[in-house]
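A short worksheet on the structure shown next.
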Amino acid sequence: MRAPRGGGGGWKMAAGGGSAGRPCAAWLLIAAALSAVQVSAVEVNTPEEMFVENGTDAKLPCTFTSVEVISSAASVSWSFQPEGAATRISFFYYSNGKSYPGKDIPFKDRITWAGDLNKKDASITISNMQFRDNGTYICDVKNPPDIVVKPGEIRVRVVEKDSLPAFPIATVAGIAIGTVTGLSSLISIVVCLVIRKNNSKKRYSGDPDIDARLGM
């Protein structure tokens with residue numbers, strides 16, 4: 001006997017459903033593989049702002065964190081965006097133990113590597129800072145397979161020589177606040193002692209022996 005046409009149609013539908021399910025299974029495998037891959041990021045840390053005296057050397061600090069081992073593929077690049085400009089100038093590159101300072105003005109022969117990638121330090125030093133060096137400095141660190149979320153940015157302000165305080169402003173403010181607080185505490189103690197002594201005199205006044213002890 002031959003199978004009825006309806007049965008044959010049923011077999012065809014089953015076959016069709018199996019082929020349609022293969023792409024879904026493939027996508028599920030890809031999604032599982034992607035979820036198994038741990039993606040981490042390099043976090044770059046720099047101060048937001050720095051004041052530098054004209055004609056002096058400036059160390060631009062830049063540190064980073066990365067869960068991956070620092071390898072020969074790690075690299076550091078620095079770029080500069082002048083004050084009021086819309087574009088950035090790449091002026092320094094470091095990789096595999098070698099530095100490649102830019103030879104273009106204004107940083108020609110003025111850049112020195114001051115970092116250590118094994119210590120996760122990507123700092124540089126710029127000698128003889130000038131007023132034209134005002135602007136934003138960008139530190140970008142790559143350590144594959146980690147991805148870079150956001151480079152560090154430092155806004156540098158070059159000021160007249162000898163115009164900066166001998167101590168950082170935060171230090172001076174802390175000393176001043178501490179001094180005022182200390183004086184306030186001392187005054188409060190003295191006032192309390194005077195009031196207590198006066199109250200003692202009022203309480204025992206009239207007794208010859210006590211008055212003699214209190215110097216009344």
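Numbering starts fresh at 1 for the residues of each chain in the structure tokens, the chains themselves are lettered A, B, ... in the order given, and ligands are numbered from 1 as they appear.
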Non-local contacts of Ile147 in chain A (10 Å; only C-alpha atoms; under 6 positions in same chain excluded) as a PyMOL selection string: chain A and resi 39-43+66+141
Quick one: residues within 10 Å of Asn128 in chain A, only C-alpha atoms counted, chain neighbours fewer than 6 positions away excluded, as a ChimeraX atom specification?
/A:53-58,107,110-111
Now that the selection is made, can you save its residues with N, CA and C atoms as a short mmCIF file (atom, residue, chain, number, x, y, z; two decimals), in the first residue's frame?
data_model
loop_
_atom_site.label_atom_id
_atom_site.label_comp_id
_atom_site.auth_asym_id
_atom_site.auth_seq_id
_atom_site.Cartn_x
_atom_site.Cartn_y
_atom_site.Cartn_z
N GLU A 53 54.66 76.24 35.54
CA GLU A 53 55.33 77.52 35.34
C GLU A 53 56.04 77.55 34.00
N ASN A 54 56.01 78.69 33.36
CA ASN A 54 56.65 78.89 32.07
C ASN A 54 58.16 78.64 32.18
N GLY A 55 58.71 77.87 31.23
CA GLY A 55 60.14 77.60 31.21
C GLY A 55 60.58 76.43 32.06
N THR A 56 59.68 75.77 32.75
CA THR A 56 60.03 74.63 33.59
C THR A 56 59.62 73.32 32.92
N ASP A 57 60.11 72.20 33.48
CA ASP A 57 59.73 70.88 32.98
C ASP A 57 58.46 70.41 33.69
N ALA A 58 57.60 69.73 32.95
CA ALA A 58 56.33 69.26 33.51
C ALA A 58 56.19 67.76 33.27
N PHE A 107 56.59 70.28 19.93
CA PHE A 107 57.17 69.37 20.92
C PHE A 107 58.45 68.70 20.46
N ARG A 110 61.49 67.60 22.95
CA ARG A 110 61.13 68.05 24.30
C ARG A 110 60.40 66.96 25.10
N ILE A 111 60.18 65.80 24.51
CA ILE A 111 59.39 64.76 25.17
C ILE A 111 60.31 63.65 25.69
#
As a PyMOL selection string, please: every residue in range 49-189 of chain A that a backbone DSSP assignment puts in strand (DSSP E or B). chain A and resi 49-53+58-60+63-65+75-82+89-95+98-101+111-113+116+121+124-126+135-142+147-150+152-159
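Taking only C-alpha atoms into account, Lys161 in chain A lies nearest to A:Phe51 out of the set A:Tyr100, A:Phe51, A:Phe80, A:Tyr93.
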Practice item. Please identify all polymer residues within 7 Å of Leu60 in chain A, counting only C-alpha atoms, omitting same-chain residues fewer than 5 positions from it, and present them as a ChimeraX atom specification. Key: /A:123-125
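Proximity to Gln81 in chain A was assessed for A:Thr46, A:Ser163, A:Asn134, A:Asn143 counting only C-alpha atoms; the smallest distance is recorded for A:Asn134.
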For Ser71 in chain A, find every residue with an atom within 10 Å (counting only C-alpha atoms), except residues of its own chain fewer than 5 positions away, and show them as a PyMOL selection string. chain A and resi 95-96+117-118+143-144
From the list A:Pro145, A:Pro47, A:Gly135, A:Gly115, the nearest residue to Ser79 in chain A using only C-alpha atoms is A:Gly135
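When the distance limit is 9 Å and only C-alpha atoms are what count, the residues near Val44 in chain A, minus those fewer than 6 positions from it on the same chain, are Cys62, Thr63, Phe64, Thr65, Cys139, Asp140, Val141, Val148, Val149, Lys150, Pro151 and Gly152 of chain A.
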Write out the residues from the selection above, keeping N, CA and C atoms, as a short mmCIF file (atom, residue, chain, number, x, y, z; two decimals), in the first residue's frame.
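What ended up in part.cif:
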data_model
loop_
_atom_site.label_atom_id
_atom_site.label_comp_id
_atom_site.auth_asym_id
_atom_site.auth_seq_id
_atom_site.Cartn_x
_atom_site.Cartn_y
_atom_site.Cartn_z
N CYS A 62 50.10 59.76 34.17
CA CYS A 62 49.05 58.94 33.56
C CYS A 62 49.25 57.50 34.03
N THR A 63 48.28 56.96 34.74
CA THR A 63 48.33 55.56 35.18
C THR A 63 47.11 54.83 34.62
N PHE A 64 47.16 53.51 34.68
CA PHE A 64 46.05 52.74 34.14
C PHE A 64 45.91 51.43 34.89
N THR A 65 44.75 50.82 34.75
CA THR A 65 44.48 49.50 35.30
C THR A 65 44.06 48.56 34.18
N CYS A 139 45.98 61.02 27.13
CA CYS A 139 46.78 59.80 27.30
C CYS A 139 45.91 58.59 26.94
N ASP A 140 46.35 57.82 25.96
CA ASP A 140 45.58 56.66 25.49
C ASP A 140 46.44 55.40 25.63
N VAL A 141 45.94 54.42 26.39
CA VAL A 141 46.68 53.19 26.64
C VAL A 141 45.94 52.01 26.04
N VAL A 148 39.66 49.88 25.32
CA VAL A 148 39.81 51.18 25.95
C VAL A 148 38.44 51.86 26.00
N VAL A 149 37.99 52.19 27.20
CA VAL A 149 36.69 52.85 27.34
C VAL A 149 36.82 54.34 27.07
N LYS A 150 37.78 54.98 27.75
CA LYS A 150 37.96 56.41 27.59
C LYS A 150 39.39 56.79 27.95
N PRO A 151 40.08 57.54 27.07
CA PRO A 151 41.44 57.99 27.39
C PRO A 151 41.41 59.02 28.53
N GLY A 152 42.56 59.20 29.17
CA GLY A 152 42.67 60.23 30.20
C GLY A 152 42.97 61.59 29.59
#
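For the pair CA of Val159 in chain A and CA of Tyr94 in chain A, the interatomic distance is 28.7 Å.
Proximity to Phe92 in chain A was assessed for A:Thr136, A:Thr112, A:Ser77, A:Asn45 counting only C-alpha atoms; the smallest distance is recorded for A:Ser77.
Residue nearest Asp133 in chain A within the list A:Arg155, A:Pro101, A:Glu68, A:Asp109: A:Arg155 [criterion: smallest interatomic distance, only C-alpha atoms].
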For Glu83 in chain A, the closest of A:Pro106, A:Ala122, A:Lys142, A:Phe131 counting only C-alpha atoms is A:Phe131
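Reported to one decimal place, the separation of CA of Ile89 in chain A from CA of Gly102 in chain A is 9.6 Å.
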